[in-house]
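Structure below is structure02.tsv: TSV, C-alpha atoms and all ligand atoms.
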```tsv
chain	number	residue	atom	x	y	z
A	1	MET	CA	3.32	19.33	10.95
A	2	THR	CA	2.25	16.45	8.71
A	3	GLU	CA	-0.07	16.56	5.72
A	4	HIS	CA	-2.70	14.84	7.85
A	5	THR	CA	-2.79	17.43	10.63
A	6	ARG	CA	-2.95	20.44	8.26
A	7	GLN	CA	-6.32	19.29	6.92
A	8	VAL	CA	-9.53	20.86	8.18
A	9	TYR	CA	-12.27	18.41	9.10
A	10	TYR	CA	-15.82	18.90	10.26
A	11	TYR	CA	-18.73	17.58	12.24
A	12	PRO	CA	-22.18	18.45	10.94
A	13	ASN	CA	-23.71	21.40	12.81
A	14	LYS	CA	-26.18	19.02	14.43
A	15	MET	CA	-23.36	17.12	16.18
A	16	GLY	CA	-21.66	20.31	17.35
A	17	ARG	CA	-24.98	21.50	18.71
A	18	ILE	CA	-25.50	18.19	20.55
A	19	VAL	CA	-22.05	18.39	22.17
A	20	LEU	CA	-22.65	21.96	23.39
A	21	GLN	CA	-26.13	21.15	24.72
A	22	ALA	CA	-24.84	18.02	26.45
A	23	MET	CA	-21.95	19.94	27.98
A	24	GLU	CA	-24.35	22.59	29.26
A	25	GLU	CA	-26.49	19.89	30.89
A	26	VAL	CA	-23.43	18.47	32.66
A	27	ILE	CA	-21.48	21.59	33.70
A	28	SER	CA	-24.43	24.10	33.87
A	29	HIS	CA	-24.98	27.19	31.75
A	30	ALA	CA	-22.49	29.21	33.80
A	31	GLY	CA	-19.90	26.46	33.36
A	32	LEU	CA	-20.42	26.38	29.62
A	33	VAL	CA	-20.09	30.18	29.39
A	34	ALA	CA	-16.78	30.01	31.29
A	35	VAL	CA	-15.49	27.23	29.01
A	36	LEU	CA	-16.53	29.07	25.83
A	37	ASN	CA	-14.87	32.29	26.96
A	38	LEU	CA	-11.66	30.55	27.94
A	39	ALA	CA	-11.69	28.56	24.68
A	40	HIS	CA	-11.95	31.81	22.67
A	41	LEU	CA	-15.38	30.78	21.39
A	42	PRO	CA	-17.56	33.52	22.95
A	43	HIS	CA	-19.83	33.73	19.86
A	44	ARG	CA	-21.20	30.29	20.79
A	45	ILE	CA	-22.70	31.64	24.01
A	46	GLU	CA	-25.47	33.40	22.10
A	47	MET	CA	-25.60	31.13	19.10
A	48	LEU	CA	-25.53	27.35	19.04
A	49	PRO	CA	-24.78	25.74	15.67
A	50	PRO	CA	-28.05	25.36	13.73
A	51	ASN	CA	-29.77	21.99	13.82
A	52	ASN	CA	-28.78	20.78	10.34
A	53	LEU	CA	-26.37	18.37	8.67
A	54	GLU	CA	-24.10	20.96	7.05
A	55	ARG	CA	-20.46	20.20	7.86
A	56	VAL	CA	-19.31	23.45	9.40
A	57	PHE	CA	-18.37	22.58	13.01
A	58	GLN	CA	-14.60	22.16	12.97
A	59	PHE	CA	-12.73	19.34	14.72
A	60	ASP	CA	-10.54	22.12	16.15
A	61	GLU	CA	-13.50	23.59	17.99
A	62	LEU	CA	-14.49	20.30	19.62
A	63	SER	CA	-10.96	19.54	20.69
A	64	GLN	CA	-10.52	23.08	22.02
A	65	LEU	CA	-13.70	22.75	24.09
A	66	LEU	CA	-12.52	19.52	25.70
A	67	THR	CA	-9.02	20.79	26.35
A	68	THR	CA	-10.56	23.81	28.09
A	69	VAL	CA	-12.78	21.62	30.30
A	70	GLN	CA	-9.58	19.89	31.48
A	71	VAL	CA	-7.86	23.20	32.13
A	72	LEU	CA	-10.81	24.71	33.98
A	73	TYR	CA	-11.80	21.73	36.13
A	74	GLY	CA	-8.48	19.91	36.41
A	75	SER	CA	-7.62	16.76	34.56
A	76	ARG	CA	-9.29	14.29	36.93
A	77	ALA	CA	-12.62	16.08	37.31
A	78	GLY	CA	-12.43	17.14	33.66
A	79	CYS	CA	-12.21	13.51	32.63
A	80	GLY	CA	-15.39	12.67	34.57
A	81	LEU	CA	-17.24	15.65	33.10
A	82	ALA	CA	-16.20	14.70	29.55
A	83	LEU	CA	-17.41	11.13	30.16
A	84	ARG	CA	-20.77	12.37	31.38
A	85	THR	CA	-21.02	14.81	28.48
A	86	GLY	CA	-20.42	11.88	26.12
A	87	ARG	CA	-23.25	9.91	27.72
A	88	VAL	CA	-25.67	12.80	27.31
A	89	CYS	CA	-24.46	13.25	23.71
A	90	PHE	CA	-25.58	9.72	22.95
A	91	LYS	CA	-29.05	10.37	24.38
A	92	TYR	CA	-29.51	13.49	22.25
A	93	GLY	CA	-27.76	11.88	19.28
A	94	LEU	CA	-30.09	8.90	19.33
A	95	ARG	CA	-33.07	11.22	19.04
A	96	GLU	CA	-31.51	13.15	16.14
A	97	PHE	CA	-29.65	10.46	14.22
A	98	GLY	CA	-31.52	7.28	15.22
A	99	PRO	CA	-34.30	7.81	12.68
A	100	LEU	CA	-31.75	8.62	9.93
A	101	VAL	CA	-30.08	5.21	10.22
A	102	GLY	CA	-33.25	3.26	11.00
A	103	SER	CA	-32.44	2.38	14.62
A	104	THR	CA	-36.14	2.40	15.47
A	105	GLU	CA	-36.95	-0.23	12.85
A	106	MET	CA	-34.39	-2.81	13.95
A	107	GLY	CA	-35.75	-5.86	15.75
A	108	PHE	CA	-33.16	-5.16	18.44
A	109	ARG	CA	-35.00	-6.54	21.41
A	110	LEU	CA	-35.28	-10.03	19.92
A	111	LEU	CA	-31.58	-10.50	19.20
A	112	PRO	CA	-29.10	-12.20	21.54
A	113	LEU	CA	-26.92	-9.68	23.41
A	114	GLU	CA	-23.75	-10.11	21.34
A	115	ALA	CA	-25.69	-9.65	18.09
A	116	LYS	CA	-27.35	-6.54	19.54
A	117	LEU	CA	-23.94	-5.08	20.31
A	118	ARG	CA	-22.72	-5.87	16.79
A	119	VAL	CA	-25.75	-4.31	15.09
A	120	GLY	CA	-25.63	-1.29	17.40
A	121	ALA	CA	-21.92	-0.73	16.76
A	122	ASN	CA	-22.46	-0.84	13.01
A	123	LEU	CA	-25.27	1.71	13.20
A	124	LEU	CA	-23.07	4.04	15.22
A	125	VAL	CA	-20.22	3.60	12.72
A	126	GLU	CA	-22.66	4.57	9.98
A	127	VAL	CA	-23.70	7.75	11.79
A	128	PHE	CA	-20.11	9.01	12.11
A	129	ASN	CA	-18.80	7.84	8.74
A	130	LYS	CA	-21.80	9.05	6.76
A	131	TYR	CA	-22.57	12.35	8.44
A	132	SER	CA	-19.19	13.59	9.72
A	133	ASP	CA	-15.49	13.58	8.82
A	134	GLN	CA	-14.80	11.36	11.84
A	135	GLN	CA	-13.76	7.96	10.50
A	136	VAL	CA	-14.48	4.88	12.55
A	137	HIS	CA	-14.29	1.12	12.09
A	138	VAL	CA	-15.03	-1.78	14.41
A	139	GLU	CA	-12.90	-4.87	14.85
A	140	GLU	CA	-14.05	-7.94	16.72
A	141	ARG	CA	-11.52	-9.92	18.68
A	142	GLY	CA	-12.85	-12.90	20.65
A	143	ASP	CA	-14.19	-11.44	23.87
A	144	ALA	CA	-13.99	-7.79	22.84
A	145	PHE	CA	-15.02	-5.21	20.29
A	146	LEU	CA	-12.36	-2.70	19.30
A	147	TRP	CA	-13.78	0.69	18.34
A	148	HIS	CA	-11.09	2.29	16.16
A	149	ILE	CA	-11.32	6.03	15.49
A	150	ASP	CA	-9.03	6.58	12.51
A	151	ARG	CA	-9.68	10.32	12.37
A	152	CYS	CA	-10.66	11.67	15.78
A	153	PRO	CA	-12.11	15.11	16.55
A	154	VAL	CA	-11.97	14.64	20.33
A	155	CYS	CA	-8.16	14.69	20.55
A	156	TRP	CA	-7.62	16.65	17.32
A	157	GLN	CA	-4.18	18.35	17.47
A	158	ARG	CA	-3.82	17.48	21.15
A	159	GLN	CA	-0.75	15.99	22.76
A	160	ALA	CA	-0.90	13.95	25.96
A	161	THR	CA	0.80	11.12	27.80
A	162	GLU	CA	-2.53	9.36	28.55
A	163	PRO	CA	-5.52	8.72	26.29
A	164	VAL	CA	-7.84	11.77	26.34
A	165	CYS	CA	-10.93	10.77	24.35
A	166	HIS	CA	-13.19	10.48	27.41
A	167	LEU	CA	-16.08	12.01	25.49
A	168	ALA	CA	-15.95	9.14	22.99
A	169	VAL	CA	-15.79	6.59	25.84
A	170	GLY	CA	-18.90	8.18	27.37
A	171	VAL	CA	-20.80	7.98	24.08
A	172	LEU	CA	-19.99	4.27	23.84
A	173	GLN	CA	-20.90	3.60	27.50
A	174	GLU	CA	-24.34	5.08	26.99
A	175	ALA	CA	-24.77	3.36	23.60
A	176	LEU	CA	-23.99	0.00	25.24
A	177	TYR	CA	-26.38	0.74	28.08
A	178	TRP	CA	-29.14	1.53	25.59
A	179	VAL	CA	-28.47	-1.38	23.22
A	180	SER	CA	-28.28	-3.95	26.04
A	181	GLY	CA	-31.37	-2.69	27.85
A	182	GLY	CA	-29.55	-1.34	30.91
A	183	LYS	CA	-26.35	-3.36	31.30
A	184	TYR	CA	-22.82	-2.13	32.03
A	185	PHE	CA	-19.62	-3.08	30.21
A	186	ASN	CA	-15.96	-2.37	30.70
A	187	VAL	CA	-15.03	0.35	28.18
A	188	GLU	CA	-11.48	1.65	28.05
A	189	GLU	CA	-9.44	3.75	25.64
A	190	THR	CA	-6.22	1.82	25.07
A	191	HIS	CA	-4.67	3.87	22.26
A	192	CYS	CA	-4.94	7.57	21.45
A	193	ILE	CA	-3.64	9.68	18.59
A	194	ALA	CA	-2.84	12.40	21.17
A	195	LYS	CA	-0.14	10.18	22.66
A	196	GLY	CA	1.31	9.23	19.31
A	197	ASP	CA	-0.70	6.15	18.40
A	198	PRO	CA	-1.82	5.78	14.78
A	199	ARG	CA	-5.49	5.79	15.83
A	200	CYS	CA	-7.67	6.03	18.91
A	201	THR	CA	-8.85	2.60	20.04
A	202	ILE	CA	-11.53	1.95	22.61
A	203	LEU	CA	-11.79	-1.58	23.91
A	204	ILE	CA	-15.24	-2.89	24.85
A	205	ASP	CA	-15.51	-6.16	26.77
A	206	LYS	CA	-18.37	-8.30	25.48
A	207	GLN	CA	-18.81	-9.63	29.00
A	208	VAL	CA	-21.38	-7.73	31.04
A	209	ILE	CA	-20.19	-6.35	34.41
A	210	GLU	CA	-22.27	-8.16	37.04
B	1	ZN	ZN	-8.97	10.53	19.98
```
When written as structure tokens, how does the structure in this file appear?
Amino acid sequence: MTEHTRQVYYYPNKMGRIVLQAMEEVISHAGLVAVLNLAHLPHRIEMLPPNNLERVFQFDELSQLLTTVQVLYGSRAGCGLALRTGRVCFKYGLREFGPLVGSTEMGFRLLPLEAKLRVGANLLVEVFNKYSDQQVHVEERGDAFLWHIDRCPVCWQRQATEPVCHLAVGVLQEALYWVSGGKYFNVEETHCIAKGDPRCTILIDKQVIE
């Protein structure tokens, strides 16, 4: 085990709460109860993390939740459920974190699409880097944005042969949909720490899917 993986990192309670609420919306209350029991997190059934910014919700817990969804529903269906959970997370997250980073004050609607995507990506980076231990940076490469997660809670301590950060892909899909006023983009995780890459990278085509 490396120095890096022995560290304990956290999401703020508010983010943990959002993930659990989003998961419940997608897989139903009964589904969430089954996942929490199987993930050895039964205390969460009665008690969601409080709605505050204290960093108490461990990366381990998030990664355990998502691993359990895959185990319980199978890897194919589990992938779809994690994607949908990610999309709902963005909706709830926007309500909770949008005001903190001033997303409501930006003159978004007046900007050209590519500039909207750039501004939106930077706001989202700020949310993660400022309020959680998840570290993100964005790189722009011609016709694509590369969303690099340098420290990723979604695949924390996981090992896989394929990228597994579907939850993060879902968050970005919904963010793009919101920022662009209802357009779809190709979003794909190309690198993942779980399969031995140095960071998780999600590629976003700037070109809208027609
Ligand atoms: Zn990851």
Q) Quick one: of A:Ala175, A:Leu117, A:Val154, A:Leu110, who's nearest to ligand ZN 1 (chain B), counting only C-alpha atoms and all ligand atoms? A)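 The shortest atom-to-atom distance to ligand ZN 1 (chain B) comes from A:Val154.
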Q: Using only C-alpha atoms and all ligand atoms, find each protein or nucleic acid residue lying at most 8 Å from ligand ZN 1 (chain B); present the set as a PyMOL selection string.
A: chain A and resi 149+151-156+163-165+168+192-194+199-201
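Nearest to Gly86 in chain A of all the residues A:Glu210, A:Asp150, A:Glu24, A:Glu162 is A:Glu24, based on all atoms listed in the file.
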Which centre and edge lengths in Å to one decimal define the box along x, y and z that fits every listed atom of range 165-170 of chain A plus 4 Å per side, as lines of an AutoDock Vina configuration file?
```
center_x = -14.9
center_y = 9.3
center_z = 25.2
size_x = 16.0
size_y = 13.4
size_z = 12.4
```
Q | Nearest candidate to Asn52 in chain A (options A:Ile18, A:Ala160, A:Val208, A:Val179; using only C-alpha atoms) | A | A:Ile18
Q | Best match for closeness to Pro99 in chain A among A:Val127, A:Val136, A:Ala115, A:Leu72, counting only C-alpha atoms | A |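 Between A:Val127, A:Val136, A:Ala115, A:Leu72, the residue approaching Pro99 in chain A most closely is A:Val127.
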Q. With only C-alpha atoms as the basis for distance, which of A:Leu203, A:Ala144, A:Met23, A:Cys89 is at the shortest distance from Leu65 in chain A?
A.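 So, comparing all the options, the nearest one is A:Met23.
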Q) What does the distance from CA of Pro50 in chain A to CA of Arg17 in chain A come to in Å, to one decimal? A) 7.0 Å
Q: Using only C-alpha atoms, collect all residues at a distance of at most 6 Å from (-9.8, 27.2, 28.2) as written in the file, then present them as number ranges by chain.
A: A: 35, 38-39, 68, 71
What would the file look like if the residues just selected were written as a PDB file, keeping the file's coordinate frame with C-alpha atoms?
```pdb
ATOM      1  CA  VAL A  35     -15.490  27.230  29.010  1.00  0.00           C
ATOM      2  CA  LEU A  38     -11.660  30.550  27.940  1.00  0.00           C
ATOM      3  CA  ALA A  39     -11.690  28.560  24.680  1.00  0.00           C
ATOM      4  CA  THR A  68     -10.560  23.810  28.090  1.00  0.00           C
ATOM      5  CA  VAL A  71      -7.860  23.200  32.130  1.00  0.00           C
TER       6      VAL A  71
END
```
Q: Work out how far apart CA of Gly196 in chain A and CA of Arg118 in chain A are and give it in Å to one decimal.
A: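 Atom-to-atom, CA of Gly196 in chain A and CA of Arg118 in chain A are spaced 28.5 Å apart.
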Q: Quote the spacing between CA of Ser63 in chain A and CA of Leu167 in chain A in Å to one decimal place.
A: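 Straight-line distance from CA of Ser63 in chain A to CA of Leu167 in chain A works out to 10.3 Å.
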Q. Which residue, A:Lys195, A:Arg141, A:Arg109, A:Lys130, has the smallest gap to Gln159 in chain A when you use all atoms listed in the file?
A.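 Of all the options, A:Lys195 lies closest to Gln159 in chain A.
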**Q.** Shell of 6 Å around Phe145 in chain A, only C-alpha atoms, local chain residues under 5 positions omitted, as a PyMOL selection string
**A.** chain A and resi 139-140+204
Q.
I want to know what sits within 10 Å of Glu126 in chain A, based on all atoms listed in the file, with residues of the same chain fewer than 6 positions away left out; could you give that as a PyMOL selection string?
A. chain A and resi 100-101+120+132+135-137
With C-alpha atoms kept, could you save the residues just selected as a PDB file, in the frame of the given file?
```pdb
ATOM      1  CA  LEU A 100     -31.750   8.620   9.930  1.00  0.00           C
ATOM      2  CA  VAL A 101     -30.080   5.210  10.220  1.00  0.00           C
ATOM      3  CA  GLY A 120     -25.630  -1.290  17.400  1.00  0.00           C
ATOM      4  CA  SER A 132     -19.190  13.590   9.720  1.00  0.00           C
ATOM      5  CA  GLN A 135     -13.760   7.960  10.500  1.00  0.00           C
ATOM      6  CA  VAL A 136     -14.480   4.880  12.550  1.00  0.00           C
ATOM      7  CA  HIS A 137     -14.290   1.120  12.090  1.00  0.00           C
TER       8      HIS A 137
END
```
Q) Can you list, as a list in words, every protein, DNA or RNA residue that comes within 7 Å of Gln173 in chain A when you count all atoms listed in the file, leaving out same-chain residues fewer than 4 positions away? A)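 Answer for this query is Arg87, Val169, Tyr177 and Val187 of chain A.
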Write out the residues from the selection above, keeping C-alpha atoms, as a compact mmCIF listing (two decimals), in the frame of the given file.
```
# COMPACT_ATOMS: atom_id res chain seq x y z
CA ARG A 87 -23.25 9.91 27.72
CA VAL A 169 -15.79 6.59 25.84
CA TYR A 177 -26.38 0.74 28.08
CA VAL A 187 -15.03 0.35 28.18
```
Q: Show which residues sit within 7 Å of Pro12 in chain A, as a PyMOL selection string. Count only C-alpha atoms, and ignore same-chain residues fewer than 4 positions away.
A: chain A and resi 16+53-57+131-132
